[in-house]
Amino acid sequence: MQRRSLLSSALALVPAIALPARARTPATLRLLTHDSFELPPELLKAFEREAGVKLQVIKGGDAGEMLNRLILTRRQPLADVVFGIDNALLPRALDAGVLDAYDGPAARRPSAAPLDGGVVPVDYGYVALNIDRAWFASRNRALPTSLQELATPAWRNLLVVQNPATSSPGQAFLQATIAGMGEQAAFEWWGRMRANGVKVVRGWTEAYYTEFTRNGGTRPIVVSYAGSPAAEVFFADKPLDTSPTASLFLPGGVFRQVEGVALVKGGNPAVREAAGRFIEFLRSAPVQQALQTSMWMYPAEADAPLVEVMRRHAPRPERFDNPPPAQALAQARAWQDRWTRVVLK
């Protein structure tokens, strides 16, 4: 089946949503998303044609920064639909009351990874430590075997992490340490890591492309994703059998991150129907395939196959450490504040 026919079928899954009559000047559907959102232009153009709208993509920085913008503009929303709120940030979004629940077909179909609060899962991945293989090989150095080992003097000044206040992987990694070690032990570990020279940056892009040794930085260990090694192979200048990076699935250092799409409360009612169609579009077969090599996540659609580079170079961990959703909802703000006091102040 061709991509266009797959997409048309996906957009037709919402019998309760009738598209408005085509206008000479299509209405604008505003999408707020994080900087890592990327889909093939031909897919986005196909959505615009089918839905009869002009899609305006507003990139709001890292997912944490994006959510901050959504919260700060809630009296006059800057978007109609938002993609990229994940299970680590969802407690803040629900507490701020900036989302409207969506209950169309995509919300009711089984998902490979769930989300709460009327947010529809689109993709999922694993936040974990990534290492630069060449750095370790050139020093004939063994890989760390635990988070506790990273807090010893032998690993001083070698790890870069993201601030959980501004970064979704930073928030996810913080929650993984708490779920894996227990709250008190986790913050004691963070205190030792501060003394051991952990570097904190605002977001994933700065951590990976500035501080990571693979890209010219000084830190051979970075908080990133299980899909990152596959991306390194995919974008390499010449074919590679082995990725130059690898994921470390250490206990207390792996978080299953689920990203979703949601309606923005107070968004333009004239494009609410089109916003629902965009949610269905993100769960369509062409998008679920394309996002694997554009955003380097696993598809949320339960029966979507993995592309070859993800199958070969992005293994999934046997375990991960996520706090229970109710605990994360109740404690996320307090954990973030405590992390700031322990690590930054």
# chains A, B, ... in the order shown; residues from 1 in each chain; ligands from 1
$ residues_around --residues "stretch 257-274 of chain A" --least-positions-apart "3" --cutoff "8 Å" --atoms "only C-alpha atoms" --output "ChimeraX atom specification"
/A:17-19,27-29,51,53,74-88,97-102,113-115,118-127,172,277-279
$ write_last_selection --atoms "C-alpha atoms" --output "short mmCIF file (atom, residue, chain, number, x, y, z; two decimals), in the first residue's frame"
data_model
loop_
_atom_site.label_atom_id
_atom_site.label_comp_id
_atom_site.auth_asym_id
_atom_site.auth_seq_id
_atom_site.Cartn_x
_atom_site.Cartn_y
_atom_site.Cartn_z
CA ILE A 17 -15.03 14.45 13.14
CA ALA A 18 -16.22 16.15 9.97
CA LEU A 19 -13.79 18.44 8.20
CA ALA A 27 -7.07 28.05 8.68
CA THR A 28 -3.83 27.72 10.64
CA LEU A 29 -3.39 24.82 13.04
CA ALA A 51 -7.18 18.28 6.80
CA VAL A 53 -5.33 23.53 7.19
CA ARG A 74 -2.17 29.50 29.19
CA ARG A 75 -4.38 32.62 29.37
CA GLN A 76 -3.74 33.22 25.66
CA PRO A 77 -2.56 29.86 24.31
CA LEU A 78 0.10 30.01 21.63
CA ALA A 79 -0.93 26.64 20.17
CA ASP A 80 -3.91 24.40 19.47
CA VAL A 81 -2.19 21.04 19.83
CA VAL A 82 1.04 20.08 21.61
CA PHE A 83 3.41 17.19 20.94
CA GLY A 84 6.29 16.10 23.17
CA ILE A 85 4.85 16.12 26.68
CA ASP A 86 6.10 12.88 28.16
CA ASN A 87 5.39 10.85 31.27
CA ALA A 88 8.16 12.65 33.17
CA GLY A 97 -4.38 22.52 33.65
CA VAL A 98 -3.09 23.35 30.15
CA LEU A 99 -4.43 20.26 28.33
CA ASP A 100 -7.80 19.00 27.15
CA ALA A 101 -8.37 15.25 27.01
CA TYR A 102 -8.77 13.60 23.61
CA ALA A 113 3.43 2.24 26.14
CA PRO A 114 0.62 4.08 27.98
CA LEU A 115 0.05 7.71 29.01
CA GLY A 118 -6.13 12.10 27.85
CA VAL A 119 -2.68 12.45 26.24
CA VAL A 120 -2.28 10.07 23.28
CA PRO A 121 1.03 8.14 23.16
CA VAL A 122 2.98 8.65 19.93
CA ASP A 123 6.39 7.14 20.62
CA TYR A 124 8.50 5.84 23.45
CA GLY A 125 12.15 5.39 24.23
CA TYR A 126 14.58 4.80 27.05
CA VAL A 127 16.56 7.57 28.68
CA ALA A 172 13.45 11.37 33.34
CA ARG A 277 -7.11 14.74 12.96
CA PHE A 278 -3.49 15.67 13.68
CA ILE A 279 -3.56 13.39 16.72
#
$ select_by_dssp --residues "stretch 122-237 of chain A" --states "strand (DSSP E or B)" --output "PyMOL selection string"
chain A and resi 122-132+159-162+199-201+212+219+221-225
$ select_by_dssp --residues "stretch 112-309 of chain A" --states "alpha helix (DSSP H)" --output "VMD selection string"
chain A and resid 133 to 138 147 to 150 168 to 181 183 to 195 204 to 206 228 to 234 272 to 282 285 to 290 308 to 309
$ residues_around --residues "stretch 219-233 of chain A" --least-positions-apart "2" --cutoff "8 Å" --atoms "only C-alpha atoms" --output "PyMOL selection string"
chain A and resi 125-132+135-136+157-162+169-170+173+204+207-208+211-214+217+235-236+239-247+293+296-297+309-310+312-316
$ atom_distance --atom1 "atom CA of A:Ser36" --atom2 "atom CA of A:Val307"
19.3 Å
$ atom_distance --atom1 "atom CA of A:Asp95" --atom2 "atom CA of A:Ala330"
9.5 Å
$ closest_residue --among "A:Leu291, A:Leu248, A:Ala275, A:Ile71" --to "A:Gly52" --atoms "only C-alpha atoms"
A:Ala275
$ residues_around --residues "A:Asn322" --least-positions-apart "6" --cutoff "7 Å" --atoms "only C-alpha atoms" --output "PDB file with N, CA and C atoms, in the first residue's frame"
ATOM      1  N   GLN A 175      14.112  11.008  37.810  1.00  0.00           N
ATOM      2  CA  GLN A 175      13.079  10.101  38.317  1.00  0.00           C
ATOM      3  C   GLN A 175      13.557   8.655  38.339  1.00  0.00           C
ATOM      4  N   ALA A 176      14.386   8.276  37.360  1.00  0.00           N
ATOM      5  CA  ALA A 176      14.918   6.915  37.350  1.00  0.00           C
ATOM      6  C   ALA A 176      15.804   6.662  38.566  1.00  0.00           C
ATOM      7  N   ALA A 179      13.462   6.193  41.552  1.00  0.00           N
ATOM      8  CA  ALA A 179      12.751   4.916  41.512  1.00  0.00           C
ATOM      9  C   ALA A 179      13.695   3.739  41.728  1.00  0.00           C
ATOM     10  N   PHE A 255      15.102   5.054  32.269  1.00  0.00           N
ATOM     11  CA  PHE A 255      13.709   5.507  32.399  1.00  0.00           C
ATOM     12  C   PHE A 255      12.997   5.275  31.079  1.00  0.00           C
ATOM     13  N   ARG A 256      11.818   4.657  31.119  1.00  0.00           N
ATOM     14  CA  ARG A 256      11.038   4.528  29.879  1.00  0.00           C
ATOM     15  C   ARG A 256      10.237   5.814  29.677  1.00  0.00           C
TER      16      ARG A 256
END
$ closest_residue --among "A:Thr152, A:Thr73, A:Ser294, A:Ser168" --to "A:Phe37" --atoms "only C-alpha atoms"
A:Ser294
